[in-house]
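Colleague: Sharing a structure with you now.
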Amino acid sequence: MKNLIGLLCILLSIGLKAQVSIDTAVNFTGKTPSGETISLFPLLEEGKTVMIYFFSDACSTCHLYANSIDTIYDKYGQNQAELFVMAINKDVDNAGVTEFGNEYNWEFPYLSGTQGNGYYIFHDLYGVSATPTTILIRPDKSIPWDNIYPAKVDTISYYIESLGIFPTRTGSNTLKENIRIFPNPAHHKIMINSKLPIHNIQIYNILGSVLLQKNITSKEIHIDVDNFEEGVYLMRLETEDGATIRRSFWVQ
């Protein structure tokens with residue numbers, strides 16, 4: 001009975017906060033502050049379900065739930081599995097949105113309002129009426145819920161898993177703390193120090209394209225990044241005990 005009441009409360013809260021004016025997705029293209037191009041429909045064609053967090057830098061509630069979005073990104077595979085997480089801002093430039101993202105350690109793609117095409121997507125294409133607004137877009141372009149609210153981890157997880165998408169295994173926070181990546185930002189080389197031997201390393205861009213893969217057994221790794229363009233990159237490390245850790249770094 002309590003579970004039923006809780007579900008009804010969630011559904012009611014969503015119904016009261018309907019904030020996207022369309023029920024079928026329209027395509028968009030934008031650029032992240034690091035220059036990566038994001039297009040919606042190619043992601044859907046890959047079979048991804050896309051979660052978008054529409055937010056404003058000046059919105060206190062957007063700040064309140066920003067950590068939840070990052071947790072969802074980690075919980076469901078950091079854009080390497082079925083769920084692709086991104087955020088779209090409505091009002092600030094690349095510098096402003098990067099400051100917001102850095103504050104909450106966001107490693108997923110986000111678009112600024114003025115330079116990343118976020119304002120146009122936010123207002124003209126999706127008709128978002130308030131922030132924050134969180135939606136899921138299915139591969140068939142349907143938007144099953146026009147706002148998942150509140151944007152808490154348990155609420156968002158409920159709706160993601162109702163679509164048959166479940167968490168993926170990643171390394172523990174303690175293990176993440178035992179891996180050091182420096183310098184960050186990097187200019188010529190990046191170094192990795194780990195308390196456990198690393199067996200495999202992958203580096204990919206923020207869209208998920210693999211740029212480098214190595215099978216190794218070492219606690220200390222040096223990687224040449226001279227040929228990398230300026231921007232944010234993601235690193236996937238596998239340790240000897242089978243755990244997977246994902247970290248980001250910046251090349252300047």
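Every chain in the structure tokens has a letter given in the order shown (A, B, ...), and although residue numbers restart at 1 in each chain, ligands are simply numbered from 1 in the order shown.
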Report the residues of range 102-142 of chain A whose backbone DSSP state falls under alpha helix (DSSP H), written as a list in words.

Modeller: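 For range 102-142 of chain A, the alpha helix (DSSP H) set is Asn102, Glu103, Gly118 and Tyr119 of chain A.
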
Colleague: Skipping near chain neighbours, those fewer than 5 positions away, what residues fall within 12 Å of Tyr233 in chain A using only C-alpha atoms, listed as an NGL selection string?

Modeller: :A and (34-36 or 107-109 or 184-186 or 190 or 202-212 or 225 or 228 or 246-252)

Colleague: Tell me which protein, DNA and RNA residues are within 7 Å of Ser194 in chain A, counting only C-alpha atoms, leaving out same-chain ones fewer than 2 positions away, and put them as number ranges by chain.

Modeller: A: 178-180, 192, 196-197, 219-220

Colleague: Grab the CA of Tyr65 in chain A to CA of Asp154 in chain A distance for me, in Å with one decimal place.

Modeller: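 Result for CA of Tyr65 in chain A versus CA of Asp154 in chain A: 11.8 Å, one decimal.
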
Colleague: Find, counting only C-alpha atoms, the residue in A:Ser157, A:Ser129, A:Thr217, A:Asn193 that gets nearest to Gln19 in chain A.

Modeller: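 Distance minimum relative to Gln19 in chain A lands on A:Ser129.
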
Colleague: Neighbours of Phe166 in chain A within 9 Å (only C-alpha atoms; same-chain residues fewer than 3 positions away dropped), as a list in words?

Modeller: Lys75, Tyr76, Glu82, Ser157, Ile160, Glu161 and Leu163 of chain A

Colleague: Just give me the gap between CA of Thr71 in chain A and CA of Tyr158 in chain A in Å, one decimal is fine.

Modeller: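 For CA of Thr71 in chain A relative to CA of Tyr158 in chain A, the distance reads 13.9 Å.
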
Colleague: With a distance cut-off of 6 Å and only C-alpha atoms, select the neighbouring residues of Leu83 in chain A, excluding the residue or stretch itself and same-chain residues fewer than 6 positions from it, and output the selection as a list in words.

Modeller: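 Surrounding residues, per the criterion: Lys48, Thr49 and Val50 of chain A.
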
Colleague: Save the residues we just selected, C-alpha atoms, as a short mmCIF file (atom, residue, chain, number, x, y, z; two decimals), in the first residue's frame?

Modeller:
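Contents of the output file again.cif:
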data_model
loop_
_atom_site.label_atom_id
_atom_site.label_comp_id
_atom_site.auth_asym_id
_atom_site.auth_seq_id
_atom_site.Cartn_x
_atom_site.Cartn_y
_atom_site.Cartn_z
CA LYS A 48 20.42 4.75 -27.01
CA THR A 49 17.81 6.15 -24.66
CA VAL A 50 18.80 9.79 -24.14
#

Colleague: Taking only C-alpha atoms into account, name the residue in A:Thr134, A:Ala66, A:Val26, A:His222 that is nearest to Phe182 in chain A.

Modeller: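 Looking at the shortest contact to Phe182 in chain A, the residue is A:His222.
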
Colleague: Excluding Ile88 in chain A and residues on its chain fewer than 5 positions from it, collect all residues at most 9 Å away from it, counting only C-alpha atoms, and give them as a count of residues only.

Modeller: 16
